[in-house]
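Engineer: The structure is given below, and queries will be raised subsequently.
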Amino acid sequence: MAFKEFNCPSCGALLKLEYRFTETVICPFCQQSSHWTGENFEAKGEKVILADYGSKFSVGLQASFWGTKLGERKEYKFKVLGRVRFEYNDGFWDEWLLRVEGYEQNEYWLQEDEGEFFLFKKFDNLPSVNEYSELEVGMYVDWEDYKMFISEKAKAQISGGEGELPFRVIPGEQCDFVDGILLKEAIPVSIEYLPDNKKAFYVTIFNLDINDFVFTEKKQENVY
Ligand SMILES: [Zn+2]
């Protein structure tokens, strides 16, 4: 079900958006990125094709996973709406934007790391987190009700994206991150320092492995 439609400013293809918070759309036909200006989508930046590495996931995929929350194991259906690739010194990693059935208002990201899958939820009430330069590994920080231990920090760049994404994706743009553990609950959290001086705070909701996923439906064509 499309929430909004527009024609790609570069090739004219009709693009259908499914996510109301989309700020970047990468055309599946010509790879042009378009950014939401507040009124319409404008072509911005170079065209980048992401090299594939044989992931089970792809934009448009509809599948489900079994996750345990508060002791209850339940099947969650989802659709992959977009992917963003980050580069850092040691290589790259991808994050997949998911729309989870029944939780359409939330922003979920799936990250794959050496066979483990982390499902993050973007935290809407962002605590007033520090700037990247103020945080050091090993530090404890207090943000209002949150106490976090900083376990990792690294400089990264956006190498490109695919599909719909809820922030401005500009290849080559700096996008540093700080990872840590939320104390008391021992929940892994991550802060991303996005383009436009935006910060996003993500909380791990599920820690999954590939056997928790159910891939049944065929990949849809480029309707995303
Ligand atoms: Zn296009």
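In the structure tokens, chains take letters A, B, ... by order of appearance, with residues numbered from 1 within each chain and ligands from 1 in the order shown.
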Output the neighbourhood of ligand 1 as a list of chain:residue names, that is, all protein and nucleic acid residues with some atom at most 12 Å from the ligand, counting only C-alpha atoms and all ligand atoms.

Structural biologist: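 After applying the 12 Å limit, what remains is A:Phe6, A:Asn7, A:Cys8, A:Pro9, A:Ser10, A:Cys11, A:Gly12, A:Ala13, A:Leu14, A:Leu15, A:Val25, A:Ile26, A:Cys27, A:Pro28, A:Phe29, A:Cys30, A:Gln31, A:Gln32, A:Ser33, A:Ser34, A:Phe41, A:Glu42, A:Ala43, A:Lys44, A:Lys47, A:Glu162, A:Gly163, A:Asn222.
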
Engineer: With N, CA and C atoms retained, could you export that selection as a PDB file, in the first residue's frame?

Structural biologist:
ATOM      1  N   PHE A   6       5.647   9.421  -6.413  1.00  0.00           N
ATOM      2  CA  PHE A   6       6.258  10.512  -7.181  1.00  0.00           C
ATOM      3  C   PHE A   6       7.102   9.912  -8.291  1.00  0.00           C
ATOM      4  N   ASN A   7       7.476  10.752  -9.258  1.00  0.00           N
ATOM      5  CA  ASN A   7       8.303  10.273 -10.347  1.00  0.00           C
ATOM      6  C   ASN A   7       9.761  10.582 -10.048  1.00  0.00           C
ATOM      7  N   CYS A   8      10.605   9.595 -10.290  1.00  0.00           N
ATOM      8  CA  CYS A   8      12.043   9.788 -10.074  1.00  0.00           C
ATOM      9  C   CYS A   8      12.494  10.997 -10.904  1.00  0.00           C
ATOM     10  N   PRO A   9      13.142  11.998 -10.273  1.00  0.00           N
ATOM     11  CA  PRO A   9      13.564  13.186 -11.023  1.00  0.00           C
ATOM     12  C   PRO A   9      14.609  12.877 -12.086  1.00  0.00           C
ATOM     13  N   SER A  10      15.241  11.718 -11.995  1.00  0.00           N
ATOM     14  CA  SER A  10      16.288  11.382 -12.951  1.00  0.00           C
ATOM     15  C   SER A  10      15.771  10.561 -14.136  1.00  0.00           C
ATOM     16  N   CYS A  11      15.000   9.495 -13.879  1.00  0.00           N
ATOM     17  CA  CYS A  11      14.569   8.619 -14.982  1.00  0.00           C
ATOM     18  C   CYS A  11      13.060   8.625 -15.193  1.00  0.00           C
ATOM     19  N   GLY A  12      12.324   9.275 -14.298  1.00  0.00           N
ATOM     20  CA  GLY A  12      10.884   9.400 -14.490  1.00  0.00           C
ATOM     21  C   GLY A  12      10.054   8.228 -13.993  1.00  0.00           C
ATOM     22  N   ALA A  13      10.705   7.165 -13.516  1.00  0.00           N
ATOM     23  CA  ALA A  13       9.949   5.995 -13.041  1.00  0.00           C
ATOM     24  C   ALA A  13       9.039   6.389 -11.880  1.00  0.00           C
ATOM     25  N   LEU A  14       7.883   5.771 -11.821  1.00  0.00           N
ATOM     26  CA  LEU A  14       6.955   6.033 -10.724  1.00  0.00           C
ATOM     27  C   LEU A  14       7.428   5.274  -9.484  1.00  0.00           C
ATOM     28  N   LEU A  15       7.679   6.007  -8.425  1.00  0.00           N
ATOM     29  CA  LEU A  15       8.152   5.399  -7.179  1.00  0.00           C
ATOM     30  C   LEU A  15       7.047   5.517  -6.135  1.00  0.00           C
ATOM     31  N   VAL A  25      14.918   8.506  -0.994  1.00  0.00           N
ATOM     32  CA  VAL A  25      14.491   7.369  -1.799  1.00  0.00           C
ATOM     33  C   VAL A  25      15.564   7.127  -2.836  1.00  0.00           C
ATOM     34  N   ILE A  26      15.991   5.881  -2.965  1.00  0.00           N
ATOM     35  CA  ILE A  26      16.956   5.541  -4.007  1.00  0.00           C
ATOM     36  C   ILE A  26      16.192   4.767  -5.074  1.00  0.00           C
ATOM     37  N   CYS A  27      16.189   5.321  -6.269  1.00  0.00           N
ATOM     38  CA  CYS A  27      15.409   4.731  -7.369  1.00  0.00           C
ATOM     39  C   CYS A  27      15.966   3.348  -7.707  1.00  0.00           C
ATOM     40  N   PRO A  28      15.117   2.315  -7.747  1.00  0.00           N
ATOM     41  CA  PRO A  28      15.613   0.966  -8.049  1.00  0.00           C
ATOM     42  C   PRO A  28      15.972   0.801  -9.523  1.00  0.00           C
ATOM     43  N   PHE A  29      15.565   1.743 -10.351  1.00  0.00           N
ATOM     44  CA  PHE A  29      15.825   1.616 -11.786  1.00  0.00           C
ATOM     45  C   PHE A  29      17.111   2.326 -12.200  1.00  0.00           C
ATOM     46  N   CYS A  30      17.377   3.518 -11.617  1.00  0.00           N
ATOM     47  CA  CYS A  30      18.559   4.275 -12.056  1.00  0.00           C
ATOM     48  C   CYS A  30      19.509   4.601 -10.901  1.00  0.00           C
ATOM     49  N   GLN A  31      19.180   4.202  -9.670  1.00  0.00           N
ATOM     50  CA  GLN A  31      20.031   4.400  -8.488  1.00  0.00           C
ATOM     51  C   GLN A  31      20.191   5.859  -8.059  1.00  0.00           C
ATOM     52  N   GLN A  32      19.389   6.744  -8.635  1.00  0.00           N
ATOM     53  CA  GLN A  32      19.467   8.144  -8.201  1.00  0.00           C
ATOM     54  C   GLN A  32      18.845   8.296  -6.804  1.00  0.00           C
ATOM     55  N   SER A  33      19.563   9.008  -5.922  1.00  0.00           N
ATOM     56  CA  SER A  33      18.995   9.339  -4.611  1.00  0.00           C
ATOM     57  C   SER A  33      18.177  10.613  -4.736  1.00  0.00           C
ATOM     58  N   SER A  34      17.021  10.633  -4.087  1.00  0.00           N
ATOM     59  CA  SER A  34      16.219  11.853  -4.025  1.00  0.00           C
ATOM     60  C   SER A  34      15.915  12.146  -2.569  1.00  0.00           C
ATOM     61  N   PHE A  41      10.392  15.607  -3.770  1.00  0.00           N
ATOM     62  CA  PHE A  41      11.676  14.914  -3.766  1.00  0.00           C
ATOM     63  C   PHE A  41      12.582  15.506  -4.844  1.00  0.00           C
ATOM     64  N   GLU A  42      13.812  15.812  -4.471  1.00  0.00           N
ATOM     65  CA  GLU A  42      14.774  16.367  -5.412  1.00  0.00           C
ATOM     66  C   GLU A  42      15.978  15.453  -5.533  1.00  0.00           C
ATOM     67  N   ALA A  43      16.461  15.297  -6.764  1.00  0.00           N
ATOM     68  CA  ALA A  43      17.644  14.453  -6.986  1.00  0.00           C
ATOM     69  C   ALA A  43      18.849  15.086  -6.312  1.00  0.00           C
ATOM     70  N   LYS A  44      19.578  14.277  -5.561  1.00  0.00           N
ATOM     71  CA  LYS A  44      20.774  14.773  -4.856  1.00  0.00           C
ATOM     72  C   LYS A  44      21.838  13.689  -4.867  1.00  0.00           C
ATOM     73  N   LYS A  47      25.085   8.608  -8.118  1.00  0.00           N
ATOM     74  CA  LYS A  47      24.418   7.301  -8.120  1.00  0.00           C
ATOM     75  C   LYS A  47      25.407   6.251  -7.629  1.00  0.00           C
ATOM     76  N   GLU A 162      19.690   2.027  -0.448  1.00  0.00           N
ATOM     77  CA  GLU A 162      18.732   1.412  -1.368  1.00  0.00           C
ATOM     78  C   GLU A 162      17.347   1.591  -0.782  1.00  0.00           C
ATOM     79  N   GLY A 163      16.338   1.757  -1.626  1.00  0.00           N
ATOM     80  CA  GLY A 163      14.968   1.805  -1.143  1.00  0.00           C
ATOM     81  C   GLY A 163      14.635   3.106  -0.433  1.00  0.00           C
ATOM     82  N   ASN A 222      10.061  -4.395  -7.502  1.00  0.00           N
ATOM     83  CA  ASN A 222      10.419  -3.093  -6.934  1.00  0.00           C
ATOM     84  C   ASN A 222       9.258  -2.210  -6.536  1.00  0.00           C
TER      85      ASN A 222
END

Engineer: Taking into account only C-alpha atoms, which residue in the set A:Glu75, A:Glu23, A:Glu152, A:Glu39 is nearest to A:Met139?

Structural biologist: A:Glu152

Engineer: To one decimal in Å, tell me the separation between atom CA of A:Tyr53 and atom CA of A:Asp113.

Structural biologist: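 One can read the atom CA of A:Tyr53 to atom CA of A:Asp113 distance as 13.2 Å.
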
Engineer: Counting only C-alpha atoms, what are the residues of stretch 108-187 of chain A within 12 Å of stretch 98-104 of chain A, and for each of them which pair of atoms is the nearest and at what distance in Å, to one decimal? Sort the table by chain and rising number, as a tab-separated table.

Structural biologist:
residue	atom	partner	partner_atom	distance
A:Tyr108	CA	A:Leu98	CA	5.3
A:Trp109	CA	A:Leu98	CA	5.8
A:Leu110	CA	A:Leu98	CA	7.1
A:Gln111	CA	A:Leu98	CA	10.6
A:Leu119	CA	A:Leu98	CA	9.2
A:Phe120	CA	A:Leu98	CA	9.8
A:Lys121	CA	A:Leu98	CA	9.8
A:Lys122	CA	A:Leu98	CA	11.3
A:Gly163	CA	A:Leu98	CA	11.2
A:Glu164	CA	A:Leu98	CA	10.2
A:Leu165	CA	A:Leu98	CA	10.1
A:Pro166	CA	A:Leu98	CA	11.1

Engineer: In Å, rounded to a single decimal, give me how far atom CA of A:Trp66 is from atom CA of A:Asp212.

Structural biologist: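 Straight-line distance from atom CA of A:Asp212 to atom CA of A:Trp66 works out to 5.2 Å.
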
Engineer: Considering only C-alpha atoms, state which residue in the set A:Phe206, A:Phe57, A:Phe117, A:Phe177 is at the smallest distance from A:Ser151.

Structural biologist: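 Answer, going by the shortest atom-to-atom distance: A:Phe177.
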
Engineer: Taking the chain letters and numbering used in this document, name the residues of stretch 31-209 of chain A that DSSP puts in helix (DSSP H, G or I), as a ChimeraX atom specification.

Structural biologist: /A:132-134,195-197
